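Asker: My structure file final.txt, compact mmCIF, C-alpha atoms and all ligand atoms, is below:
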```txt
# COMPACT_ATOMS: atom_id res chain seq x y z
CA MET V 1 167.10 122.19 17.78
CA ASP V 2 163.49 121.94 19.03
CA ILE V 3 163.20 122.51 22.80
CA GLY V 4 160.17 122.70 25.07
CA ILE V 5 157.91 120.88 27.50
CA ASP V 6 158.32 117.14 27.14
CA LYS V 7 156.13 116.14 30.10
CA ILE V 8 153.76 117.98 32.43
CA GLY V 9 152.04 116.86 35.65
CA VAL V 10 150.09 118.44 38.48
CA TYR V 11 149.30 117.95 42.15
CA VAL V 12 146.45 119.58 44.05
CA PRO V 13 145.61 119.09 47.73
CA LYS V 14 142.89 116.55 48.51
CA ASN V 15 140.55 118.99 50.26
CA TYR V 16 138.57 121.90 48.88
CA ILE V 17 135.95 124.36 49.97
CA ASP V 18 132.85 125.14 47.96
CA ILE V 19 132.75 128.75 46.75
CA VAL V 20 128.97 129.11 47.14
CA GLU V 21 129.31 127.99 50.78
CA LEU V 22 132.15 130.49 51.23
CA ALA V 23 129.98 133.27 49.77
CA LYS V 24 127.12 132.39 52.14
CA ALA V 25 129.47 132.33 55.14
CA ARG V 26 130.75 135.78 54.15
CA ASP V 27 127.25 137.13 53.50
CA VAL V 28 128.02 137.74 49.84
CA ASP V 29 125.75 137.03 46.84
CA PRO V 30 127.14 133.69 45.51
CA ASN V 31 126.91 135.05 41.94
CA LYS V 32 129.60 137.56 42.81
CA PHE V 33 132.03 134.70 43.53
CA THR V 34 130.91 132.24 40.80
CA ILE V 35 130.29 134.81 38.02
CA GLY V 36 131.98 138.05 39.10
CA ILE V 37 135.19 136.28 40.23
CA GLY V 38 134.62 133.04 38.30
CA GLN V 39 135.45 130.34 40.85
CA ASP V 40 133.61 127.16 41.95
CA LYS V 41 135.98 125.46 44.40
CA GLN V 42 139.19 126.32 46.23
CA ALA V 43 141.95 123.84 47.12
CA VAL V 44 142.86 123.76 50.82
CA PRO V 45 146.23 122.26 51.84
CA GLN V 46 146.69 120.34 55.10
CA PRO V 47 149.21 121.68 57.66
CA TYR V 48 151.57 118.82 56.70
CA GLU V 49 151.58 120.07 53.09
CA ASP V 50 153.76 122.89 51.84
CA VAL V 51 155.58 123.89 48.65
CA VAL V 52 158.13 121.09 49.13
CA THR V 53 155.59 118.28 49.54
CA MET V 54 153.39 119.56 46.71
CA ALA V 55 156.43 119.96 44.43
CA ALA V 56 157.52 116.39 45.24
CA ASN V 57 154.02 115.08 44.49
CA SER V 58 153.73 116.84 41.12
CA ALA V 59 157.25 115.88 39.99
CA ASP V 60 156.80 112.29 41.16
CA SER V 61 153.78 111.99 38.87
CA ILE V 62 155.94 112.45 35.74
CA LEU V 63 159.53 111.42 36.56
CA THR V 64 160.89 108.05 35.41
CA THR V 65 164.27 106.57 36.38
CA GLU V 66 165.52 107.49 32.89
CA ASP V 67 164.40 111.10 33.29
CA LYS V 68 166.20 111.30 36.63
CA LYS V 69 169.47 110.09 35.10
CA ALA V 70 169.24 112.73 32.36
CA LEU V 71 168.45 115.68 34.67
CA GLY V 72 171.06 118.45 34.85
CA LEU V 73 168.93 121.26 36.22
CA LEU V 74 166.15 121.57 38.80
CA ILE V 75 164.34 124.85 39.37
CA VAL V 76 161.47 125.41 41.78
CA GLY V 77 159.49 128.59 41.20
CA THR V 78 157.65 129.66 44.36
CA GLU V 79 156.60 132.66 46.42
CA SER V 80 155.54 130.53 49.41
CA SER V 81 159.01 129.40 50.34
CA ILE V 82 159.52 127.61 53.66
CA ASP V 83 163.12 128.75 54.23
CA GLU V 84 164.96 132.00 53.57
CA SER V 85 168.25 130.19 52.90
CA LYS V 86 167.84 126.62 51.74
CA SER V 87 165.90 126.16 48.55
CA SER V 88 162.94 123.82 48.27
CA ALA V 89 164.84 122.22 45.38
CA ALA V 90 167.46 120.87 47.83
CA PHE V 91 164.78 119.12 49.92
CA LEU V 92 163.57 117.34 46.78
CA MET V 93 166.89 115.59 46.19
CA ASP V 94 166.20 112.67 48.56
CA LEU V 95 162.42 112.79 48.39
CA LEU V 96 162.65 112.14 44.64
CA ASP V 97 165.91 110.12 44.65
CA LEU V 98 167.66 112.52 42.30
CA PRO V 99 171.32 112.13 41.27
CA GLU V 100 173.80 114.62 42.76
CA ASP V 101 175.15 116.15 39.56
CA ILE V 102 172.27 118.56 39.24
CA ARG V 103 172.33 122.34 39.43
CA SER V 104 169.33 123.20 41.60
CA PHE V 105 167.81 126.33 43.05
CA GLU V 106 164.61 128.17 43.89
CA ILE V 107 163.45 131.22 41.98
CA LYS V 108 161.09 133.96 43.13
CA GLN V 109 159.24 136.68 41.28
CA ALA V 110 155.64 136.31 42.40
CA CYS V 111 153.59 134.41 39.82
CA TYR V 112 156.28 134.86 37.16
CA GLY V 113 158.76 132.46 38.87
CA ALA V 114 157.92 129.31 36.90
CA THR V 115 158.16 131.14 33.58
CA ALA V 116 161.60 132.44 34.57
CA GLY V 117 162.46 128.82 35.38
CA LEU V 118 161.07 127.53 32.09
CA GLN V 119 163.00 130.03 29.96
CA THR V 120 166.19 129.32 31.95
CA ALA V 121 165.62 125.60 31.37
CA VAL V 122 165.26 126.15 27.61
CA ASP V 123 168.61 128.01 27.57
CA PHE V 124 170.20 125.20 29.63
CA VAL V 125 169.01 122.48 27.26
CA SER V 126 170.18 124.48 24.23
CA GLN V 127 173.70 124.42 25.79
CA ASN V 128 173.39 120.81 27.03
CA PRO V 129 171.24 119.02 24.44
CA ASP V 130 171.63 115.56 25.99
CA LYS V 131 170.38 116.83 29.37
CA LYS V 132 166.88 117.48 30.69
CA ALA V 133 165.63 120.12 33.14
CA LEU V 134 162.89 119.82 35.74
CA VAL V 135 160.90 123.00 36.38
CA ILE V 136 158.37 122.97 39.22
CA ALA V 137 155.87 125.66 40.15
CA SER V 138 154.59 125.22 43.71
CA ASP V 139 152.59 127.67 45.83
CA ILE V 140 149.98 128.26 48.49
CA ALA V 141 147.98 131.42 47.77
CA ARG V 142 146.82 132.93 51.08
CA TYR V 143 145.20 136.32 51.69
CA GLY V 144 143.46 135.64 55.00
CA ILE V 145 139.98 134.86 56.27
CA LYS V 146 137.34 137.49 55.39
CA THR V 147 139.66 139.53 53.17
CA PRO V 148 138.64 140.53 49.59
CA GLY V 149 141.37 138.19 48.33
CA GLU V 150 140.05 135.15 50.22
CA VAL V 151 137.93 133.99 47.28
CA THR V 152 141.08 134.03 45.09
CA GLN V 153 143.15 131.67 47.25
CA GLY V 154 144.25 128.16 46.20
CA ALA V 155 147.19 125.76 46.28
CA GLY V 156 149.00 123.24 44.13
CA SER V 157 151.99 122.44 42.01
CA VAL V 158 152.78 121.87 38.33
CA ALA V 159 155.93 120.04 37.23
CA MET V 160 157.42 120.14 33.72
CA ILE V 161 160.32 118.34 32.12
CA VAL V 162 162.11 120.44 29.51
CA SER V 163 164.13 118.64 26.84
CA GLN V 164 165.02 118.60 23.18
CA ASN V 165 162.44 117.06 20.83
CA PRO V 166 159.64 117.87 23.30
CA ARG V 167 156.49 115.79 23.03
CA VAL V 168 153.99 118.29 24.51
CA LEU V 169 154.81 121.92 23.66
CA LYS V 170 157.67 123.21 21.52
CA LEU V 171 158.68 126.71 22.54
CA THR V 172 159.18 128.79 19.41
CA ARG V 173 161.78 131.01 21.18
CA LYS V 174 159.65 134.06 20.30
CA SER V 175 159.15 136.05 23.45
CA VAL V 176 158.78 139.60 24.79
CA TYR V 177 159.06 140.60 28.44
CA MET V 178 159.02 143.63 30.71
CA THR V 179 159.61 144.68 34.33
CA ARG V 180 158.27 147.66 36.25
CA ASN V 181 158.55 148.45 39.96
CA VAL V 182 154.86 148.30 40.91
CA GLY V 183 153.16 148.04 44.32
CA ASP V 184 150.17 145.92 43.34
CA PHE V 185 150.75 142.87 45.57
CA TRP V 186 153.43 141.93 48.11
CA ARG V 187 154.12 139.64 51.06
CA PRO V 188 156.77 140.81 53.55
CA THR V 189 158.87 138.05 55.14
CA PHE V 190 157.02 138.44 58.49
CA SER V 191 153.64 137.65 56.96
CA LYS V 192 152.01 134.34 55.99
CA THR V 193 149.38 136.19 53.99
CA ALA V 194 149.68 138.52 51.00
CA PHE V 195 148.75 142.18 50.80
CA ALA V 196 147.17 143.44 47.60
CA ARG V 197 145.83 146.61 46.05
CA GLY V 198 143.25 144.39 44.36
CA LYS V 199 141.66 146.66 41.76
CA PHE V 200 145.00 148.33 40.95
CA SER V 201 146.57 144.86 40.47
CA ASN V 202 143.85 144.03 37.91
CA GLU V 203 144.66 147.22 36.00
CA VAL V 204 148.40 146.55 35.99
CA TYR V 205 147.82 142.98 34.78
CA VAL V 206 145.70 144.17 31.84
CA ASP V 207 148.16 146.96 31.02
CA PHE V 208 151.06 144.48 30.97
CA PHE V 209 149.11 142.20 28.63
CA ASN V 210 148.27 145.04 26.22
CA THR V 211 151.82 146.45 26.28
CA LEU V 212 153.39 143.04 25.68
CA TRP V 213 150.96 142.13 22.91
CA LYS V 214 151.89 145.39 21.12
CA LYS V 215 155.60 144.61 21.63
CA TYR V 216 155.11 141.06 20.32
CA GLN V 217 153.29 142.25 17.20
CA ASP V 218 155.99 144.85 16.48
CA LYS V 219 158.91 142.50 17.12
CA TYR V 220 157.64 139.56 15.08
CA SER V 221 155.20 141.25 12.63
CA ALA V 222 152.60 138.98 14.24
CA THR V 223 148.82 139.16 14.05
CA ILE V 224 146.17 137.49 16.17
CA ASP V 225 145.55 135.04 13.32
CA ASP V 226 148.96 133.51 13.99
CA PHE V 227 147.46 131.96 17.15
CA SER V 228 144.49 129.72 17.76
CA THR V 229 144.60 130.12 21.56
CA LEU V 230 145.66 132.66 24.19
CA LEU V 231 146.52 131.31 27.64
CA PHE V 232 146.69 133.63 30.64
CA HIS V 233 148.02 133.67 34.19
CA ILE V 234 144.81 132.87 36.10
CA PRO V 235 144.75 134.26 39.69
CA TYR V 236 140.95 133.87 39.37
CA THR V 237 139.23 132.98 36.14
CA LYS V 238 137.59 136.37 35.53
CA MET V 239 141.06 137.96 35.36
CA GLY V 240 142.04 136.44 32.00
CA THR V 241 138.59 137.31 30.67
CA LYS V 242 139.26 140.97 31.50
CA ALA V 243 142.50 140.89 29.47
CA LEU V 244 140.92 138.97 26.59
CA ARG V 245 138.03 141.45 26.44
CA THR V 246 140.43 144.25 25.52
CA LEU V 247 140.71 142.55 22.09
CA GLU V 248 136.94 142.64 21.48
CA GLY V 249 136.12 144.93 18.54
CA LYS V 250 139.80 145.05 17.53
CA ILE V 251 139.74 141.56 15.98
CA SER V 252 137.01 139.79 13.99
CA ASP V 253 133.96 138.62 15.96
CA VAL V 254 134.57 135.06 14.78
CA LYS V 255 138.18 135.11 16.05
CA TYR V 256 137.15 136.68 19.36
CA ALA V 257 134.45 134.02 19.85
CA LYS V 258 136.99 131.24 19.12
CA LEU V 259 139.56 132.68 21.56
CA THR V 260 136.85 132.99 24.22
CA GLU V 261 135.75 129.38 23.68
CA HIS V 262 139.36 128.19 24.01
CA TYR V 263 139.89 130.35 27.10
CA GLN V 264 136.88 128.63 28.71
CA ALA V 265 138.59 125.24 28.17
CA SER V 266 141.80 126.59 29.74
CA ILE V 267 140.08 127.73 32.96
CA LYS V 268 138.16 124.52 33.77
CA PHE V 269 140.76 123.29 36.25
CA SER V 270 141.39 126.73 37.79
CA ARG V 271 137.66 127.12 38.53
CA GLU V 272 138.00 123.93 40.59
CA VAL V 273 141.31 124.67 42.32
CA GLY V 274 141.86 128.43 42.57
CA ASN V 275 145.11 130.36 42.37
CA LEU V 276 148.33 128.35 42.15
CA TYR V 277 150.28 131.63 41.90
CA THR V 278 153.27 130.71 39.74
CA GLY V 279 151.65 127.45 38.59
CA SER V 280 148.41 129.11 37.44
CA LEU V 281 149.39 129.69 33.82
CA TYR V 282 150.60 126.09 33.61
CA LEU V 283 147.45 124.67 35.22
CA GLY V 284 145.65 126.60 32.46
CA LEU V 285 147.93 125.01 29.86
CA LEU V 286 147.15 121.54 31.26
CA SER V 287 143.44 122.29 31.36
CA TYR V 288 143.54 123.36 27.72
CA LEU V 289 145.63 120.34 26.69
CA ILE V 290 143.21 117.93 28.34
CA ASN V 291 139.94 119.64 27.48
CA ALA V 292 140.30 121.07 23.98
CA ALA V 293 143.76 121.17 22.38
CA GLN V 294 144.60 119.95 18.88
CA ALA V 295 148.03 118.96 17.60
CA ASN V 296 150.02 121.70 15.83
CA GLU V 297 148.06 124.56 17.42
CA GLU V 298 150.00 127.77 17.97
CA LEU V 299 149.56 129.13 21.52
CA LEU V 300 150.36 132.54 22.95
CA LEU V 301 151.04 132.41 26.70
CA PHE V 302 150.82 135.44 29.02
CA SER V 303 152.77 135.13 32.26
CA TYR V 304 152.36 137.83 34.93
CA GLY V 305 153.92 138.14 38.36
CA SER V 306 153.03 141.07 40.58
CA GLY V 307 155.69 143.51 41.46
CA ALA V 308 155.83 143.23 38.40
CA VAL V 309 157.26 141.11 35.60
CA GLY V 310 155.37 139.97 32.52
CA GLU V 311 156.29 137.81 29.55
CA LEU V 312 154.37 136.88 26.41
CA TYR V 313 155.72 133.90 24.50
CA SER V 314 154.57 131.33 22.01
CA GLY V 315 154.56 127.57 21.69
CA GLU V 316 153.37 124.87 19.33
CA ILE V 317 151.43 121.82 20.51
CA GLN V 318 153.14 118.65 19.34
CA ALA V 319 151.50 115.72 17.56
CA GLY V 320 150.81 112.91 20.05
CA PHE V 321 150.85 115.29 23.08
CA ASP V 322 147.77 113.57 24.50
CA LYS V 323 149.63 110.27 24.84
CA VAL V 324 152.24 111.84 27.13
CA ILE V 325 149.75 113.37 29.61
CA ASP V 326 148.16 111.26 32.35
CA GLN V 327 144.70 112.57 31.58
CA SER V 328 142.72 109.97 33.56
CA GLY V 329 145.02 110.26 36.61
CA ILE V 330 144.64 114.07 36.67
CA LEU V 331 140.86 113.99 36.26
CA GLU V 332 140.61 111.32 38.96
CA MET V 333 142.73 113.42 41.34
CA LEU V 334 140.41 116.42 40.81
CA ASP V 335 137.23 114.33 41.14
CA ASN V 336 138.30 112.39 44.24
CA ARG V 337 138.86 115.37 46.51
CA GLN V 338 136.94 115.80 49.76
CA LYS V 339 134.84 118.86 50.52
CA MET V 340 135.67 120.63 53.77
CA SER V 341 133.16 122.77 55.67
CA ILE V 342 133.89 126.50 55.94
CA ALA V 343 134.09 126.09 59.75
CA ASP V 344 136.74 123.35 59.43
CA TYR V 345 138.68 125.37 56.85
CA GLU V 346 138.71 128.38 59.18
CA LYS V 347 139.94 126.21 62.04
CA MET V 348 142.68 124.61 59.96
CA TYR V 349 143.77 128.02 58.64
CA GLN V 350 144.95 128.91 62.15
CA VAL V 351 147.02 125.73 62.59
CA GLU V 352 150.72 126.34 62.40
CA TYR V 353 153.18 123.64 63.38
CA GLN V 354 155.72 124.70 65.97
CA ASP V 355 159.21 123.42 66.70
CA GLY V 356 158.88 119.92 68.20
CA THR V 357 155.85 118.90 66.13
CA ILE V 358 155.82 115.28 65.01
CA VAL V 359 153.16 114.40 62.44
CA ASP V 360 151.33 111.09 62.80
CA PRO V 361 151.69 109.31 59.42
CA GLN V 362 148.35 107.55 60.01
CA ALA V 363 146.64 110.92 59.65
CA VAL V 364 148.43 111.83 56.41
CA ASN V 365 146.75 111.69 53.00
CA SER V 366 149.62 112.67 50.71
CA LYS V 367 152.53 110.59 49.39
CA PHE V 368 155.04 113.24 50.52
CA TYR V 369 154.51 115.11 53.79
CA LEU V 370 156.11 117.26 56.45
CA SER V 371 156.93 114.68 59.13
CA GLU V 372 158.58 116.73 61.86
CA ILE V 373 159.98 120.08 62.91
CA LYS V 374 163.15 119.44 64.87
CA GLU V 375 165.47 122.19 66.06
CA ASN V 376 163.42 124.43 63.78
CA GLU V 377 164.36 122.35 60.75
CA ARG V 378 161.56 121.02 58.58
CA LEU V 379 161.92 117.30 57.88
CA TYR V 380 160.01 115.44 55.20
CA LYS V 381 159.03 111.85 54.48
CA LYS V 382 157.48 109.75 51.77
CA LEU V 383 154.63 107.43 52.85
CA LYS V 384 155.69 103.81 52.43
P1 LIG P 401 136.27 142.79 45.33
O1 LIG P 401 136.42 144.21 45.72
O2 LIG P 401 135.71 141.87 46.34
O3 LIG P 401 135.33 142.57 44.11
O4 LIG P 401 137.70 142.29 44.87
P2 LIG P 401 134.63 143.62 43.10
O5 LIG P 401 133.70 144.48 43.84
O6 LIG P 401 135.67 144.24 42.21
O7 LIG P 401 133.78 142.57 42.28
C1 LIG P 401 134.38 141.59 41.52
C2 LIG P 401 133.52 141.35 40.29
O8 LIG P 401 132.30 140.74 40.70
C3 LIG P 401 133.14 142.62 39.55
O9 LIG P 401 133.17 142.32 38.17
C4 LIG P 401 131.70 142.85 39.99
O10 LIG P 401 130.92 143.59 39.05
C5 LIG P 401 131.22 141.43 40.08
P3 LIG P 401 134.21 143.10 37.19
O11 LIG P 401 133.84 144.53 37.26
O12 LIG P 401 135.58 142.87 37.80
O13 LIG P 401 134.01 142.47 35.87
N1 LIG P 401 130.02 141.26 40.94
C6 LIG P 401 129.00 140.43 40.63
N2 LIG P 401 128.79 139.62 39.58
C7 LIG P 401 127.66 138.87 39.58
N3 LIG P 401 126.70 138.95 40.55
C8 LIG P 401 126.88 139.75 41.62
C9 LIG P 401 128.07 140.54 41.69
N4 LIG P 401 128.56 141.43 42.59
C10 LIG P 401 129.75 141.86 42.11
N5 LIG P 401 125.95 139.80 42.58
C11 LIG P 401 139.56 141.29 43.74
C12 LIG P 401 138.03 141.44 43.78
C13 LIG P 401 139.93 140.37 42.60
C14 LIG P 401 140.19 142.66 43.54
C15 LIG P 401 140.02 140.68 45.11
O14 LIG P 401 139.54 139.37 45.21
C16 LIG P 401 141.52 140.66 45.30
O15 LIG P 401 142.10 141.62 45.80
N6 LIG P 401 142.22 139.54 44.89
C17 LIG P 401 143.68 139.42 45.02
C18 LIG P 401 144.44 140.22 43.98
C19 LIG P 401 144.35 139.59 42.60
O16 LIG P 401 144.03 138.43 42.42
N7 LIG P 401 144.71 140.37 41.55
C20 LIG P 401 144.76 139.87 40.18
C21 LIG P 401 145.76 140.62 39.31
S1 LIG P 401 147.41 140.58 40.03
C22 LIG P 401 147.95 138.94 39.69
O17 LIG P 401 147.38 138.27 38.90
C23 LIG P 401 149.12 138.43 40.46
C24 LIG P 401 148.78 137.50 41.62
O18 LIG P 401 148.48 136.21 41.15
C25 LIG P 401 149.96 137.47 42.63
C26 LIG P 401 151.35 137.14 42.12
O19 LIG P 401 151.80 137.52 41.05
O20 LIG P 401 152.04 136.50 42.91
C27 LIG P 401 147.59 137.98 42.41
```
Kindly present the structure from the file in structure tokens form.

Answerer:
Amino acid sequence: MDIGIDKIGVYVPKNYIDIVELAKARDVDPNKFTIGIGQDKQAVPQPYEDVVTMAANSADSILTTEDKKALGLLIVGTESSIDESKSSAAFLMDLLDLPEDIRSFEIKQACYGATAGLQTAVDFVSQNPDKKALVIASDIARYGIKTPGEVTQGAGSVAMIVSQNPRVLKLTRKSVYMTRNVGDFWRPTFSKTAFARGKFSNEVYVDFFNTLWKKYQDKYSATIDDFSTLLFHIPYTKMGTKALRTLEGKISDVKYAKLTEHYQASIKFSREVGNLYTGSLYLGLLSYLINAAQANEELLLFSYGSGAVGELYSGEIQAGFDKVIDQSGILEMLDNRQKMSIADYEKMYQVEYQDGTIVDPQAVNSKFYLSEIKENERLYKKLK
């Protein structure tokens, strides 16, 4: 039975900051941020947006009434959770009008969470072929003002429906994975912002890619010519380039040039949005699907979550994939965002809603939003 991604949608916040303006405000050469890091814009969420509202927005962009009836599993991958007990998946039940007979939960392993969700969903559908699964990656990447990680922040959500006879990407069920206890990046429960050993994290990422690529070749007698495209977890767009570069000289120049060209198509959206943490690989997939992909291409996808878990797996783009993706809606959403000044971004960064906050719906620019904090419980609404 063929199983994989049947639909995919994305939500990004409606505000962004310009990376050249950020560089100037931080007294950094803008080329460091645009070339050295590889970013142009960074999505900035409003205080009434969080992983729940962004997840609802991305899922709402792809779910039909028929999909909802067929759902048996809902997984939200996130490392920006808003509650230590209740999962963000539970909040989505009424926001999205989902039927009750769904197994739902939240999954965390840094940026690997959505891939864990996707592979779990594939197993679920293989056991329940008439059912569908909804996997949502939703995160706010925050390192703090004036930190080295600030330029690698971002926010957004990617939603995917997994089913049999998928219309976007069939997963070939070929996969290798690994886990090591590594201190490259962490966020203790007391902290809103992440801590990172930045340069060390880059090294671990590249090492995981190289180790997994060796494992994949050994396990499946694979060569690079089996794939037309490599997609990477993209915390910032230079990161995937660093991993890809390790293949230079080991594969033909023509193949390396082709993979580099395809990688450039996969990072277009990330350059504009920044790090989605667990959604980053899947924003890259969407970017590639919209900007360059051809039917029947074989993709190799590298998922990495600090801490650290990595997985390298393959998929095949399905004929007619372009008809299932709301290309014009996604491009419009990216184009219609509003730029925010660095001063306003810094001010908003400090805003944190306290118990008793009631949000004025007139000031909201998102279909789903945090409406109130009452008795320390976060309550959500959908704009009428
Ligand atoms: P930094 O110390 O500010 O930057 O930190 P740098 O000095 O290393 O410079 C960055 C690049 O800019 C270098 O290029 C410089 O040469 C270049 P590279 O050697 O890397 O190719 N550069 C210039 N280029 C052009 N013109 C100039 C110029 N000046 C310098 N004038 C760092 C950068 C990424 C470490 C920092 O932003 C950081 O700590 N980010 C957060 C951690 C991170 O993103 N790590 C990625 C791997 S771990 C991961 O992917 C998981 C993650 O998503 C979390 C999760 O799993 O949940 C993060």

Asker: For a test of reading the model, state the distance in Å between atom CA of Ile251 of chain V and atom CA of Met239 of chain V, rounded to one decimal.

Answerer: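 Going from atom CA of Ile251 of chain V over to atom CA of Met239 of chain V, I get 19.8 Å.
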
Asker: Could you tell me which of V:Phe269, V:Tyr313, V:Phe302, V:Tyr16 comes closest to Lys219 of chain V if we count all atoms listed in the file?

Answerer: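 So, comparing all the options, the nearest one is V:Tyr313.
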
Asker: Measure the distance from atom CA of Pro235 of chain V to atom CA of Lys214 of chain V in Å and round it to one decimal.

Answerer: 22.8 Å

Asker: I'd like the interatomic distance between atom CA of Ser80 of chain V and atom CA of Gly156 of chain V, to a tenth of an Å.

Answerer: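 These atoms are spaced 11.1 Å apart.
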
Asker: Would you kindly identify which residues have an atom no farther than 10 Å from (142.5, 137.8, 18.1), using all atoms listed in the file and the file's own coordinates, and write them out as a PyMOL selection string?

Answerer: chain V and resi 223-230+244+247-260

Asker: Counting only C-alpha atoms, which of V:Gly329, V:Gly274, V:Gly315, V:Pro47 gets nearest to Ile358 of chain V?

Answerer: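 Of the candidates, the smallest distance to Ile358 of chain V is held by V:Pro47.
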
Asker: Near Ile35 of chain V, counting only C-alpha atoms, which residues have an atom at most 10 Å away, once you skip same-chain residues fewer than 5 positions from it, shown as a list in words?

Answerer: Pro30, Asp40, Thr237 and Lys238 of chain V

Asker: Around (144.6, 120.8, 56.9) in the file's own coordinates, what residues are found within 10 Å if you use only C-alpha atoms, given back as a CSV table (one decimal) with C-alpha atoms, in the frame of the given file?

Answerer:
```csv
chain,number,residue,atom,x,y,z
V,13,PRO,CA,145.6,119.1,47.7
V,14,LYS,CA,142.9,116.6,48.5
V,15,ASN,CA,140.6,119.0,50.3
V,44,VAL,CA,142.9,123.8,50.8
V,45,PRO,CA,146.2,122.3,51.8
V,46,GLN,CA,146.7,120.3,55.1
V,47,PRO,CA,149.2,121.7,57.7
V,48,TYR,CA,151.6,118.8,56.7
V,49,GLU,CA,151.6,120.1,53.1
V,340,MET,CA,135.7,120.6,53.8
V,344,ASP,CA,136.7,123.4,59.4
V,345,TYR,CA,138.7,125.4,56.8
V,346,GLU,CA,138.7,128.4,59.2
V,347,LYS,CA,139.9,126.2,62.0
V,348,MET,CA,142.7,124.6,60.0
V,349,TYR,CA,143.8,128.0,58.6
V,350,GLN,CA,145.0,128.9,62.2
V,351,VAL,CA,147.0,125.7,62.6
V,352,GLU,CA,150.7,126.3,62.4
V,364,VAL,CA,148.4,111.8,56.4
```

Asker: Using all atoms listed in the file, can you tell me which of V:Val20, V:Leu370, V:Val206, V:Ala159 comes closest to ligand LIG 401 (chain P)?

Answerer: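 Using all atoms listed in the file, the shortest distance to ligand LIG 401 (chain P) belongs to V:Val206.
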
Asker: Taking into account all atoms listed in the file, which residue in the set V:Thr120, V:Thr53, V:Thr193, V:Ser201 is nearest to ligand LIG 401 (chain P)?

Answerer: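 For ligand LIG 401 (chain P), the nearest of the given residues is V:Ser201.
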
Asker: Give me, as a list in words, all polymer residues having an atom no more than 8 Å from Ile17 of chain V, counting all atoms listed in the file and skipping those fewer than 3 positions away in the same chain.

Answerer: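 My reading of the contact set: Glu21, Leu22, Lys41, Gln42, Ala43, Val44, Lys339, Met340, Ser341, Ile342 and Tyr345 of chain V.
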
Asker: With distances taken over only C-alpha atoms and all ligand atoms, which residue among V:Thr64, V:Ser157, V:Thr179, V:Ser306 lies nearest ligand LIG 401 (chain P)?

Answerer: V:Ser306

Asker: Hey, what's within 9 Å of Gly183 of chain V if we count only C-alpha atoms and toss same-chain stuff fewer than 6 positions away? As a VMD selection string, please?

Answerer: chain V and resid 196 to 197 200 to 201 306 to 308

Asker: Let me have the centre and edge lengths of the axis-aligned box enclosing all listed atoms of ligand LIG 401 (chain P) with 4 Å padding on every side, in Å to one decimal, as JSON.

Answerer:
```
{"center_x": 139.0, "center_y": 140.4, "center_z": 41.1, "size_x": 34.1, "size_y": 16.3, "size_z": 18.5}
```

Asker: For each of V:Tyr353, V:Tyr380, V:Phe368, V:Tyr177, take the minimum atom-to-atom distance to Leu312 of chain V, counting only C-alpha atoms, then give the residue where this is smallest.

Answerer: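 Among the listed residues, V:Tyr177 lies closest to Leu312 of chain V.
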
Asker: Quick one: residues within 9 Å of Lys108 of chain V, all atoms listed in the file counted, chain neighbours fewer than 3 positions away excluded, as a list in words?

Answerer: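 Neighbouring residues, sequence-local ones excluded: Val76, Gly77, Thr78, Glu79, Ser81, Cys111, Tyr112, Gly113, Ala114 and Ala116 of chain V.
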
Asker: Would you mind exporting C-alpha atoms of the selected residues as an mmCIF file, in the coordinates of the input?

Answerer:
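Output file part_17.cif is given in full below:
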```
data_model
loop_
_atom_site.group_PDB
_atom_site.id
_atom_site.type_symbol
_atom_site.label_atom_id
_atom_site.label_comp_id
_atom_site.auth_asym_id
_atom_site.auth_seq_id
_atom_site.Cartn_x
_atom_site.Cartn_y
_atom_site.Cartn_z
ATOM 1 C CA VAL V 76 161.470 125.410 41.780
ATOM 2 C CA GLY V 77 159.490 128.590 41.200
ATOM 3 C CA THR V 78 157.650 129.660 44.360
ATOM 4 C CA GLU V 79 156.600 132.660 46.420
ATOM 5 C CA SER V 81 159.010 129.400 50.340
ATOM 6 C CA CYS V 111 153.590 134.410 39.820
ATOM 7 C CA TYR V 112 156.280 134.860 37.160
ATOM 8 C CA GLY V 113 158.760 132.460 38.870
ATOM 9 C CA ALA V 114 157.920 129.310 36.900
ATOM 10 C CA ALA V 116 161.600 132.440 34.570
#
```

Asker: Find the spatial neighbours of segment 57-60 of chain V, counting only C-alpha atoms, within a cut-off of 9 Å - ignore same-chain residues fewer than 2 positions away - and output them as a compact mmCIF listing (two decimals) with C-alpha atoms, keeping the file's coordinate frame.

Answerer:
```
# COMPACT_ATOMS: atom_id res chain seq x y z
CA ILE V 8 153.76 117.98 32.43
CA GLY V 9 152.04 116.86 35.65
CA VAL V 10 150.09 118.44 38.48
CA TYR V 11 149.30 117.95 42.15
CA VAL V 12 146.45 119.58 44.05
CA VAL V 52 158.13 121.09 49.13
CA THR V 53 155.59 118.28 49.54
CA MET V 54 153.39 119.56 46.71
CA ALA V 55 156.43 119.96 44.43
CA ILE V 62 155.94 112.45 35.74
CA LEU V 63 159.53 111.42 36.56
CA THR V 64 160.89 108.05 35.41
CA LEU V 96 162.65 112.14 44.64
CA LEU V 134 162.89 119.82 35.74
CA VAL V 135 160.90 123.00 36.38
CA ILE V 136 158.37 122.97 39.22
CA SER V 138 154.59 125.22 43.71
CA GLY V 156 149.00 123.24 44.13
CA SER V 157 151.99 122.44 42.01
CA VAL V 158 152.78 121.87 38.33
CA ALA V 159 155.93 120.04 37.23
CA MET V 160 157.42 120.14 33.72
CA ILE V 161 160.32 118.34 32.12
CA SER V 366 149.62 112.67 50.71
CA LYS V 367 152.53 110.59 49.39
CA PHE V 368 155.04 113.24 50.52
```
